[in-house]
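Engineer: Input run_33.pdb, format and content: PDB, C-alpha atoms.
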```pdb
ATOM      1  CA  MET A   1       4.691  19.914 -11.663  1.00  0.00           C
ATOM      2  CA  PRO A   2       4.596  16.176 -11.207  1.00  0.00           C
ATOM      3  CA  ASP A   3       7.867  14.529 -12.139  1.00  0.00           C
ATOM      4  CA  ALA A   4       7.333  11.664 -14.531  1.00  0.00           C
ATOM      5  CA  ALA A   5       4.781  10.977 -17.154  1.00  0.00           C
ATOM      6  CA  ALA A   6       2.481   8.081 -16.455  1.00  0.00           C
ATOM      7  CA  ALA A   7      -0.719   6.706 -17.879  1.00  0.00           C
ATOM      8  CA  ALA A   8      -3.287   9.191 -16.668  1.00  0.00           C
ATOM      9  CA  PRO A   9      -5.804   7.670 -14.295  1.00  0.00           C
ATOM     10  CA  SER A  10      -9.452   8.423 -14.906  1.00  0.00           C
ATOM     11  CA  LYS A  11     -11.180  11.237 -13.071  1.00  0.00           C
ATOM     12  CA  GLU A  12     -13.523   8.695 -11.535  1.00  0.00           C
ATOM     13  CA  SER A  13     -10.706   6.707  -9.950  1.00  0.00           C
ATOM     14  CA  ALA A  14      -9.064   9.940  -8.789  1.00  0.00           C
ATOM     15  CA  SER A  15     -12.352  11.000  -7.195  1.00  0.00           C
ATOM     16  CA  ALA A  16     -12.622   7.630  -5.479  1.00  0.00           C
ATOM     17  CA  ALA A  17      -9.079   7.936  -4.145  1.00  0.00           C
ATOM     18  CA  LEU A  18      -9.816  11.436  -2.909  1.00  0.00           C
ATOM     19  CA  ALA A  19     -13.002  10.285  -1.213  1.00  0.00           C
ATOM     20  CA  PHE A  20     -11.027   7.548   0.517  1.00  0.00           C
ATOM     21  CA  LEU A  21      -8.377  10.047   1.618  1.00  0.00           C
ATOM     22  CA  THR A  22     -11.074  12.348   2.975  1.00  0.00           C
ATOM     23  CA  GLU A  23     -12.650   9.502   4.890  1.00  0.00           C
ATOM     24  CA  MET A  24      -9.303   8.421   6.335  1.00  0.00           C
ATOM     25  CA  SER A  25      -8.212  11.878   7.430  1.00  0.00           C
ATOM     26  CA  PRO A  26     -10.502  13.579   9.940  1.00  0.00           C
ATOM     27  CA  ASP A  27      -8.294  16.688   9.926  1.00  0.00           C
ATOM     28  CA  LEU A  28      -8.578  17.205   6.183  1.00  0.00           C
ATOM     29  CA  ARG A  29     -10.177  20.464   5.016  1.00  0.00           C
ATOM     30  CA  GLY A  30      -9.604  20.075   1.308  1.00  0.00           C
ATOM     31  CA  ALA A  31      -7.430  18.263  -1.188  1.00  0.00           C
ATOM     32  CA  ALA A  32      -6.769  17.794  -4.859  1.00  0.00           C
ATOM     33  CA  ILE A  33      -5.123  15.164  -7.008  1.00  0.00           C
ATOM     34  CA  LEU A  34      -3.204  16.396 -10.020  1.00  0.00           C
ATOM     35  CA  GLY A  35      -2.179  14.620 -13.186  1.00  0.00           C
ATOM     36  CA  ALA A  36       1.179  14.547 -14.909  1.00  0.00           C
ATOM     37  CA  GLU A  37       0.619  17.907 -16.596  1.00  0.00           C
ATOM     38  CA  GLY A  38      -0.638  19.568 -13.439  1.00  0.00           C
ATOM     39  CA  GLU A  39      -4.281  19.240 -14.412  1.00  0.00           C
ATOM     40  CA  VAL A  40      -6.758  18.582 -11.600  1.00  0.00           C
ATOM     41  CA  LEU A  41      -8.089  15.035 -11.702  1.00  0.00           C
ATOM     42  CA  ALA A  42     -10.155  15.450  -8.548  1.00  0.00           C
ATOM     43  CA  ALA A  43     -10.712  18.131  -5.937  1.00  0.00           C
ATOM     44  CA  THR A  44     -12.807  18.325  -2.811  1.00  0.00           C
ATOM     45  CA  ASP A  45     -14.647  21.453  -3.882  1.00  0.00           C
ATOM     46  CA  GLU A  46     -15.900  23.297  -6.916  1.00  0.00           C
ATOM     47  CA  ALA A  47     -12.758  25.303  -7.655  1.00  0.00           C
ATOM     48  CA  PRO A  48     -10.440  22.949  -9.562  1.00  0.00           C
ATOM     49  CA  GLU A  49      -8.837  25.831 -11.442  1.00  0.00           C
ATOM     50  CA  ARG A  50      -7.788  27.494  -8.183  1.00  0.00           C
ATOM     51  CA  TRP A  51      -6.346  24.209  -6.951  1.00  0.00           C
ATOM     52  CA  ARG A  52      -4.387  23.830 -10.189  1.00  0.00           C
ATOM     53  CA  GLU A  53      -2.971  27.342 -10.052  1.00  0.00           C
ATOM     54  CA  ASP A  54      -2.129  27.329  -6.356  1.00  0.00           C
ATOM     55  CA  ALA A  55      -0.645  23.842  -6.407  1.00  0.00           C
ATOM     56  CA  ALA A  56       1.519  24.855  -9.377  1.00  0.00           C
ATOM     57  CA  THR A  57       2.649  27.948  -7.458  1.00  0.00           C
ATOM     58  CA  LEU A  58       3.494  25.853  -4.419  1.00  0.00           C
ATOM     59  CA  PHE A  59       5.508  23.284  -6.371  1.00  0.00           C
ATOM     60  CA  ALA A  60       7.266  26.042  -8.330  1.00  0.00           C
ATOM     61  CA  ALA A  61       8.254  27.800  -5.091  1.00  0.00           C
ATOM     62  CA  ALA A  62       9.366  24.522  -3.533  1.00  0.00           C
ATOM     63  CA  ASP A  63      11.446  23.530  -6.568  1.00  0.00           C
ATOM     64  CA  ALA A  64      13.022  26.973  -6.735  1.00  0.00           C
ATOM     65  CA  ALA A  65      14.064  26.899  -3.069  1.00  0.00           C
ATOM     66  CA  GLU A  66      17.128  24.775  -3.784  1.00  0.00           C
ATOM     67  CA  GLY A  67      16.866  24.322  -7.527  1.00  0.00           C
ATOM     68  CA  VAL A  68      15.996  20.645  -7.080  1.00  0.00           C
ATOM     69  CA  PRO A  69      12.552  19.059  -7.583  1.00  0.00           C
ATOM     70  CA  VAL A  70      10.991  18.281  -4.229  1.00  0.00           C
ATOM     71  CA  GLU A  71       9.277  15.041  -3.345  1.00  0.00           C
ATOM     72  CA  GLN A  72       7.167  16.237  -0.412  1.00  0.00           C
ATOM     73  CA  VAL A  73       6.223  19.571   1.079  1.00  0.00           C
ATOM     74  CA  HIS A  74       4.929  20.260   4.580  1.00  0.00           C
ATOM     75  CA  ILE A  75       4.102  23.812   5.577  1.00  0.00           C
ATOM     76  CA  ALA A  76       2.582  24.548   8.967  1.00  0.00           C
ATOM     77  CA  THR A  77       0.979  27.941   9.529  1.00  0.00           C
ATOM     78  CA  GLU A  78      -1.263  29.414  12.193  1.00  0.00           C
ATOM     79  CA  GLN A  79      -4.243  28.919   9.887  1.00  0.00           C
ATOM     80  CA  GLY A  80      -3.663  25.311   8.944  1.00  0.00           C
ATOM     81  CA  GLU A  81      -1.200  22.910   7.395  1.00  0.00           C
ATOM     82  CA  VAL A  82      -0.430  22.187   3.775  1.00  0.00           C
ATOM     83  CA  PHE A  83       0.946  18.899   2.486  1.00  0.00           C
ATOM     84  CA  ALA A  84       2.001  18.225  -1.077  1.00  0.00           C
ATOM     85  CA  ILE A  85       3.541  15.130  -2.549  1.00  0.00           C
ATOM     86  CA  ARG A  86       4.679  13.824  -5.897  1.00  0.00           C
ATOM     87  CA  ASN A  87       4.593  10.142  -6.605  1.00  0.00           C
ATOM     88  CA  GLU A  88       4.387   7.930  -9.674  1.00  0.00           C
ATOM     89  CA  GLY A  89       4.072  10.946 -11.973  1.00  0.00           C
ATOM     90  CA  LEU A  90       1.048  12.284 -10.084  1.00  0.00           C
ATOM     91  CA  ALA A  91       0.761  14.873  -7.369  1.00  0.00           C
ATOM     92  CA  ALA A  92      -1.547  15.482  -4.423  1.00  0.00           C
ATOM     93  CA  VAL A  93      -2.095  18.554  -2.301  1.00  0.00           C
ATOM     94  CA  SER A  94      -3.947  18.588   1.020  1.00  0.00           C
ATOM     95  CA  VAL A  95      -4.919  21.244   3.517  1.00  0.00           C
ATOM     96  CA  THR A  96      -5.588  20.161   7.086  1.00  0.00           C
ATOM     97  CA  ASP A  97      -6.279  21.624  10.487  1.00  0.00           C
ATOM     98  CA  ARG A  98      -3.278  22.495  12.622  1.00  0.00           C
ATOM     99  CA  PHE A  99      -1.360  19.668  14.286  1.00  0.00           C
ATOM    100  CA  ALA A 100      -2.430  16.999  11.814  1.00  0.00           C
ATOM    101  CA  LEU A 101      -0.135  13.995  12.003  1.00  0.00           C
ATOM    102  CA  ALA A 102       2.279  14.646   9.148  1.00  0.00           C
ATOM    103  CA  SER A 103       3.597  11.124   8.738  1.00  0.00           C
ATOM    104  CA  LEU A 104       0.113   9.621   8.480  1.00  0.00           C
ATOM    105  CA  MET A 105      -1.090  12.323   6.141  1.00  0.00           C
ATOM    106  CA  LEU A 106       1.854  11.912   3.787  1.00  0.00           C
ATOM    107  CA  TYR A 107       1.622   8.145   3.973  1.00  0.00           C
ATOM    108  CA  ASP A 108      -2.049   8.179   3.010  1.00  0.00           C
ATOM    109  CA  MET A 109      -1.445  10.649   0.180  1.00  0.00           C
ATOM    110  CA  ARG A 110       1.439   8.556  -1.159  1.00  0.00           C
ATOM    111  CA  SER A 111      -0.677   5.411  -0.939  1.00  0.00           C
ATOM    112  CA  ALA A 112      -3.516   7.093  -2.795  1.00  0.00           C
ATOM    113  CA  LEU A 113      -1.222   8.178  -5.612  1.00  0.00           C
ATOM    114  CA  ARG A 114       0.481   4.807  -5.837  1.00  0.00           C
ATOM    115  CA  GLU A 115      -2.887   3.101  -5.984  1.00  0.00           C
ATOM    116  CA  LEU A 116      -4.027   5.477  -8.703  1.00  0.00           C
ATOM    117  CA  ALA A 117      -0.919   4.928 -10.782  1.00  0.00           C
ATOM    118  CA  THR A 118      -0.993   1.145 -10.419  1.00  0.00           C
ATOM    119  CA  PRO A 119      -4.541   0.128  -9.545  1.00  0.00           C
ATOM    120  CA  SER A 120      -3.611  -3.548  -9.252  1.00  0.00           C
ATOM    121  CA  LEU A 121      -1.488  -2.819  -6.160  1.00  0.00           C
ATOM    122  CA  GLY A 122      -4.224  -2.054  -3.698  1.00  0.00           C
ATOM    123  CA  PRO A 123      -7.490  -3.619  -2.697  1.00  0.00           C
ATOM    124  CA  SER A 124     -10.571  -2.623  -4.652  1.00  0.00           C
ATOM    125  CA  GLY A 125     -12.320   0.360  -3.193  1.00  0.00           C
ATOM    126  CA  GLY A 126      -9.253   2.403  -2.412  1.00  0.00           C
ATOM    127  CA  PRO A 127      -5.713   2.413  -1.174  1.00  0.00           C
ATOM    128  CA  LYS A 128      -4.841   0.645   2.010  1.00  0.00           C
ATOM    129  CA  SER A 129      -4.171   3.044   4.816  1.00  0.00           C
ATOM    130  CA  ARG A 130      -1.761   2.592   7.692  1.00  0.00           C
ATOM    131  CA  ARG A 131      -4.651   3.679   9.890  1.00  0.00           C
ATOM    132  CA  GLU A 132      -6.562   0.675   8.600  1.00  0.00           C
ATOM    133  CA  GLU A 133      -3.662  -1.637   9.213  1.00  0.00           C
ATOM    134  CA  THR A 134      -3.244  -0.613  12.825  1.00  0.00           C
TER
ATOM    135  CA  MET B 135       2.422  -6.068  50.433  1.00  0.00           C
ATOM    136  CA  PRO B 136       3.247  -5.721  46.722  1.00  0.00           C
ATOM    137  CA  PRO B 137       0.602  -4.048  44.522  1.00  0.00           C
ATOM    138  CA  LYS B 138      -1.642  -6.268  42.443  1.00  0.00           C
ATOM    139  CA  PRO B 139      -0.167  -6.951  38.968  1.00  0.00           C
ATOM    140  CA  HIS B 140      -3.020  -5.265  37.121  1.00  0.00           C
ATOM    141  CA  ARG B 141      -2.441  -2.129  39.222  1.00  0.00           C
ATOM    142  CA  VAL B 142       1.187  -2.034  38.124  1.00  0.00           C
ATOM    143  CA  LEU B 143       0.104  -2.301  34.488  1.00  0.00           C
ATOM    144  CA  LEU B 144      -2.566   0.381  34.850  1.00  0.00           C
ATOM    145  CA  ASP B 145      -0.150   2.759  36.554  1.00  0.00           C
ATOM    146  CA  ARG B 146       2.413   2.247  33.828  1.00  0.00           C
ATOM    147  CA  VAL B 147      -0.092   2.855  31.017  1.00  0.00           C
ATOM    148  CA  SER B 148      -1.442   5.935  32.799  1.00  0.00           C
ATOM    149  CA  GLY B 149       2.106   7.217  33.180  1.00  0.00           C
ATOM    150  CA  TYR B 150       2.785   6.884  29.461  1.00  0.00           C
ATOM    151  CA  ALA B 151      -0.531   8.557  28.607  1.00  0.00           C
ATOM    152  CA  ASP B 152       0.243  11.460  30.965  1.00  0.00           C
ATOM    153  CA  GLU B 153       3.646  11.920  29.392  1.00  0.00           C
ATOM    154  CA  ALA B 154       2.199  11.858  25.893  1.00  0.00           C
ATOM    155  CA  ALA B 155      -0.487  14.378  26.854  1.00  0.00           C
ATOM    156  CA  ALA B 156       2.117  16.689  28.375  1.00  0.00           C
ATOM    157  CA  PHE B 157       4.265  16.401  25.254  1.00  0.00           C
ATOM    158  CA  MET B 158       1.319  17.270  22.994  1.00  0.00           C
ATOM    159  CA  ARG B 159       0.371  20.208  25.219  1.00  0.00           C
ATOM    160  CA  ARG B 160       3.870  21.640  25.001  1.00  0.00           C
ATOM    161  CA  ARG B 161       3.990  20.992  21.253  1.00  0.00           C
ATOM    162  CA  ARG B 162       0.796  22.988  20.737  1.00  0.00           C
ATOM    163  CA  VAL B 163       2.094  25.901  22.760  1.00  0.00           C
ATOM    164  CA  ALA B 164       5.653  25.946  21.460  1.00  0.00           C
ATOM    165  CA  ARG B 165       5.177  25.073  17.807  1.00  0.00           C
ATOM    166  CA  ARG B 166       5.968  27.819  15.346  1.00  0.00           C
ATOM    167  CA  PRO B 167       5.098  27.980  11.637  1.00  0.00           C
ATOM    168  CA  PHE B 168       7.583  26.150   9.437  1.00  0.00           C
ATOM    169  CA  ALA B 169       8.134  25.124   5.835  1.00  0.00           C
ATOM    170  CA  ARG B 170       9.862  21.816   5.326  1.00  0.00           C
ATOM    171  CA  LEU B 171      10.800  20.362   1.969  1.00  0.00           C
ATOM    172  CA  TYR B 172      11.653  16.713   1.428  1.00  0.00           C
ATOM    173  CA  TYR B 173      13.894  15.569  -1.372  1.00  0.00           C
ATOM    174  CA  PRO B 174      14.628  12.131  -2.815  1.00  0.00           C
ATOM    175  CA  HIS B 175      16.815   9.860  -0.662  1.00  0.00           C
ATOM    176  CA  GLY B 176      15.317  11.207   2.546  1.00  0.00           C
ATOM    177  CA  ARG B 177      16.974  14.600   2.665  1.00  0.00           C
ATOM    178  CA  SER B 178      14.890  17.444   4.064  1.00  0.00           C
ATOM    179  CA  ALA B 179      15.399  21.178   4.476  1.00  0.00           C
ATOM    180  CA  ASP B 180      13.623  23.806   6.555  1.00  0.00           C
ATOM    181  CA  HIS B 181      13.062  27.280   5.179  1.00  0.00           C
ATOM    182  CA  ALA B 182      12.612  30.156   7.588  1.00  0.00           C
ATOM    183  CA  GLN B 183       9.583  32.364   7.165  1.00  0.00           C
ATOM    184  CA  ASP B 184      11.767  35.449   6.749  1.00  0.00           C
ATOM    185  CA  SER B 185      13.899  33.974   3.965  1.00  0.00           C
ATOM    186  CA  ARG B 186      12.958  34.625   0.339  1.00  0.00           C
ATOM    187  CA  SER B 187      12.180  30.978  -0.434  1.00  0.00           C
ATOM    188  CA  GLY B 188      10.334  30.562   2.857  1.00  0.00           C
ATOM    189  CA  ALA B 189       8.187  33.630   2.228  1.00  0.00           C
ATOM    190  CA  GLU B 190       7.187  32.305  -1.207  1.00  0.00           C
ATOM    191  CA  LEU B 191       6.279  28.949   0.289  1.00  0.00           C
ATOM    192  CA  PHE B 192       4.142  30.552   2.992  1.00  0.00           C
ATOM    193  CA  VAL B 193       2.334  32.723   0.453  1.00  0.00           C
ATOM    194  CA  ALA B 194       1.590  29.677  -1.714  1.00  0.00           C
ATOM    195  CA  ALA B 195       0.437  27.723   1.350  1.00  0.00           C
ATOM    196  CA  GLY B 196      -1.803  30.600   2.430  1.00  0.00           C
ATOM    197  CA  ARG B 197      -3.509  30.608  -0.943  1.00  0.00           C
ATOM    198  CA  LEU B 198      -4.151  26.872  -0.748  1.00  0.00           C
ATOM    199  CA  ILE B 199      -5.556  27.220   2.766  1.00  0.00           C
ATOM    200  CA  GLU B 200      -7.845  29.915   1.412  1.00  0.00           C
ATOM    201  CA  VAL B 201      -9.035  27.640  -1.403  1.00  0.00           C
ATOM    202  CA  ALA B 202      -9.699  24.773   0.976  1.00  0.00           C
ATOM    203  CA  GLY B 203     -11.705  27.065   3.243  1.00  0.00           C
ATOM    204  CA  GLU B 204     -13.016  26.055   6.590  1.00  0.00           C
ATOM    205  CA  LYS B 205     -13.608  22.459   7.392  1.00  0.00           C
ATOM    206  CA  LYS B 206     -17.122  21.255   6.633  1.00  0.00           C
ATOM    207  CA  ARG B 207     -18.210  19.592   9.874  1.00  0.00           C
TER
END
```
Show me the file's structure as structure tokens.
Structural biologist:
Amino acid sequence: MPDAAAAAPSKESASAALAFLTEMSPDLRGAAILGAEGEVLAATDEAPERWREDAATLFAAADAAEGVPVEQVHIATEQGEVFAIRNEGLAAVSVTDRFALASLMLYDMRSALRELATPSLGPSGGPKSRREET
Amino acid sequence: MPPKPHRVLLDRVSGYADEAAAFMRRRRVARRPFARLYYPHGRSADHAQDSRSGAELFVAAGRLIEVAGEKKR
């Protein structure tokens, strides 16, 4: 589960961040943003409970691998790629097509979480993406 | 006669693009499934698919891929 407790962002702002992430990432199939307790703040489809359970399973497996809480997870399979990240007491999980650019994906997810945790950091309307900067 | 300067530039850019395309082609063919975990301070660790931790990670990833479904185009 996400590492530190933080003031929970609203579901509306989480949905906006997720929409921005979806727009920025053409390879994205689905994603979810989770709060400090592992609850789903926003998800790209109508199964938030599944996202909560499966994200919790993923983080539990990742933490158990070496007995240390992980910061980021990247798993590439034949069916697609999974990215998960913890930042600022929040967590995000994304599923993309194969061969998505990992560094950009993780950067955008981290930016989205940072923006959610401290809304004053980014421009209004969503986190600033490296893809926008370039 | 030396080639025109813009030709030199075009050839160089085309060369880089060809190399990048070849690299991506090989990456697509050669890439195998992997599970990589990143820890604070930049440390990372790979977990093989046939290890216990790796198998758990791949199962969890498979379930998430299932939830996400196919891409809506």
Engineer: Tell me, in Å to one decimal, how far atom CA of A:Ala47 is from atom CA of A:Glu12.
Structural biologist: 17.1 Å
Engineer: What's the 6 Å shell around stretch 66-80 of chain A, counting only C-alpha atoms, without same-chain residues fewer than 2 positions away, as a short mmCIF file (atom, residue, chain, number, x, y, z; two decimals) with C-alpha atoms, keeping the file's coordinate frame?
Structural biologist:
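The file below, around30.cif, is the result:
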```cif
data_model
loop_
_atom_site.label_atom_id
_atom_site.label_comp_id
_atom_site.auth_asym_id
_atom_site.auth_seq_id
_atom_site.Cartn_x
_atom_site.Cartn_y
_atom_site.Cartn_z
CA ASP A 63 11.45 23.53 -6.57
CA ALA A 64 13.02 26.97 -6.74
CA VAL A 82 -0.43 22.19 3.78
CA PHE A 83 0.95 18.90 2.49
CA ALA A 84 2.00 18.23 -1.08
CA ILE A 85 3.54 15.13 -2.55
CA ARG A 86 4.68 13.82 -5.90
CA THR A 96 -5.59 20.16 7.09
CA ASP A 97 -6.28 21.62 10.49
CA ARG A 98 -3.28 22.50 12.62
CA PRO B 167 5.10 27.98 11.64
CA PHE B 168 7.58 26.15 9.44
CA ALA B 169 8.13 25.12 5.84
CA ARG B 170 9.86 21.82 5.33
CA LEU B 171 10.80 20.36 1.97
CA TYR B 172 11.65 16.71 1.43
CA TYR B 173 13.89 15.57 -1.37
#
```
Engineer: Rank A:Ala42, A:Ala55, A:Ala8, A:Leu90 by their smallest atom-to-atom distance to chain B, using all atoms listed in the file, and report the top residue only.
Structural biologist: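 With all atoms listed in the file as the atom set, the closest residue is A:Ala55.
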Engineer: If the ChimeraX specification (/A :<8) & /B is run on the structure shown, which residues does it catch, given as an mmCIF file with C-alpha atoms, in the coordinates of the input?
Structural biologist:
```
data_model
loop_
_atom_site.group_PDB
_atom_site.id
_atom_site.type_symbol
_atom_site.label_atom_id
_atom_site.label_comp_id
_atom_site.auth_asym_id
_atom_site.auth_seq_id
_atom_site.Cartn_x
_atom_site.Cartn_y
_atom_site.Cartn_z
ATOM 1 C CA ARG B 162 0.796 22.988 20.737
ATOM 2 C CA ARG B 166 5.968 27.819 15.346
ATOM 3 C CA PRO B 167 5.098 27.980 11.637
ATOM 4 C CA PHE B 168 7.583 26.150 9.437
ATOM 5 C CA ALA B 169 8.134 25.124 5.835
ATOM 6 C CA ARG B 170 9.862 21.816 5.326
ATOM 7 C CA LEU B 171 10.800 20.362 1.969
ATOM 8 C CA TYR B 172 11.653 16.713 1.428
ATOM 9 C CA TYR B 173 13.894 15.569 -1.372
ATOM 10 C CA PRO B 174 14.628 12.131 -2.815
ATOM 11 C CA SER B 187 12.180 30.978 -0.434
ATOM 12 C CA GLY B 188 10.334 30.562 2.857
ATOM 13 C CA GLU B 190 7.187 32.305 -1.207
ATOM 14 C CA LEU B 191 6.279 28.949 0.289
ATOM 15 C CA PHE B 192 4.142 30.552 2.992
ATOM 16 C CA ALA B 194 1.590 29.677 -1.714
ATOM 17 C CA ALA B 195 0.437 27.723 1.350
ATOM 18 C CA ARG B 197 -3.509 30.608 -0.943
ATOM 19 C CA LEU B 198 -4.151 26.872 -0.748
ATOM 20 C CA ILE B 199 -5.556 27.220 2.766
ATOM 21 C CA VAL B 201 -9.035 27.640 -1.403
ATOM 22 C CA ALA B 202 -9.699 24.773 0.976
ATOM 23 C CA GLY B 203 -11.705 27.065 3.243
ATOM 24 C CA GLU B 204 -13.016 26.055 6.590
ATOM 25 C CA LYS B 205 -13.608 22.459 7.392
ATOM 26 C CA LYS B 206 -17.122 21.255 6.633
#
```
Engineer: Between atom CA of B:Asp180 and atom CA of A:Met105, measure the distance and give it in Å to one decimal.
Structural biologist: 18.7 Å
Engineer: Rebuild N, CA and C atoms on stretch 165-179 of chain B, as a PDB file, in the frame of the given file?
Structural biologist:
```
ATOM      1  N   ARG B 165       4.939  25.263  19.233  1.00  0.00           N
ATOM      2  CA  ARG B 165       5.177  25.073  17.807  1.00  0.00           C
ATOM      3  C   ARG B 165       5.015  26.378  17.021  1.00  0.00           C
ATOM      4  N   ARG B 166       5.976  26.623  16.182  1.00  0.00           N
ATOM      5  CA  ARG B 166       5.968  27.819  15.346  1.00  0.00           C
ATOM      6  C   ARG B 166       5.751  27.407  13.892  1.00  0.00           C
ATOM      7  N   PRO B 167       5.255  28.319  13.056  1.00  0.00           N
ATOM      8  CA  PRO B 167       5.098  27.980  11.637  1.00  0.00           C
ATOM      9  C   PRO B 167       6.429  27.542  11.010  1.00  0.00           C
ATOM     10  N   PHE B 168       6.356  26.592  10.125  1.00  0.00           N
ATOM     11  CA  PHE B 168       7.583  26.150   9.437  1.00  0.00           C
ATOM     12  C   PHE B 168       7.252  25.679   8.033  1.00  0.00           C
ATOM     13  N   ALA B 169       8.260  25.668   7.191  1.00  0.00           N
ATOM     14  CA  ALA B 169       8.134  25.124   5.835  1.00  0.00           C
ATOM     15  C   ALA B 169       9.252  24.112   5.660  1.00  0.00           C
ATOM     16  N   ARG B 170       8.868  22.882   5.427  1.00  0.00           N
ATOM     17  CA  ARG B 170       9.862  21.816   5.326  1.00  0.00           C
ATOM     18  C   ARG B 170       9.718  21.125   3.969  1.00  0.00           C
ATOM     19  N   LEU B 171      10.808  21.004   3.285  1.00  0.00           N
ATOM     20  CA  LEU B 171      10.800  20.362   1.969  1.00  0.00           C
ATOM     21  C   LEU B 171      11.565  19.043   2.054  1.00  0.00           C
ATOM     22  N   TYR B 172      11.029  18.039   1.424  1.00  0.00           N
ATOM     23  CA  TYR B 172      11.653  16.713   1.428  1.00  0.00           C
ATOM     24  C   TYR B 172      12.095  16.374   0.017  1.00  0.00           C
ATOM     25  N   TYR B 173      13.317  15.909  -0.081  1.00  0.00           N
ATOM     26  CA  TYR B 173      13.894  15.569  -1.372  1.00  0.00           C
ATOM     27  C   TYR B 173      14.091  14.058  -1.462  1.00  0.00           C
ATOM     28  N   PRO B 174      14.346  13.568  -2.681  1.00  0.00           N
ATOM     29  CA  PRO B 174      14.628  12.131  -2.815  1.00  0.00           C
ATOM     30  C   PRO B 174      15.791  11.705  -1.910  1.00  0.00           C
ATOM     31  N   HIS B 175      15.801  10.464  -1.535  1.00  0.00           N
ATOM     32  CA  HIS B 175      16.815   9.860  -0.662  1.00  0.00           C
ATOM     33  C   HIS B 175      16.731  10.376   0.772  1.00  0.00           C
ATOM     34  N   GLY B 176      15.555  10.894   1.144  1.00  0.00           N
ATOM     35  CA  GLY B 176      15.317  11.207   2.546  1.00  0.00           C
ATOM     36  C   GLY B 176      15.839  12.527   3.055  1.00  0.00           C
ATOM     37  N   ARG B 177      16.458  13.315   2.189  1.00  0.00           N
ATOM     38  CA  ARG B 177      16.974  14.600   2.665  1.00  0.00           C
ATOM     39  C   ARG B 177      15.822  15.575   2.844  1.00  0.00           C
ATOM     40  N   SER B 178      15.913  16.419   3.870  1.00  0.00           N
ATOM     41  CA  SER B 178      14.890  17.444   4.064  1.00  0.00           C
ATOM     42  C   SER B 178      15.565  18.762   4.413  1.00  0.00           C
ATOM     43  N   ALA B 179      14.844  19.855   4.191  1.00  0.00           N
ATOM     44  CA  ALA B 179      15.399  21.178   4.476  1.00  0.00           C
ATOM     45  C   ALA B 179      14.292  22.086   4.977  1.00  0.00           C
TER      46      ALA B 179
END
```
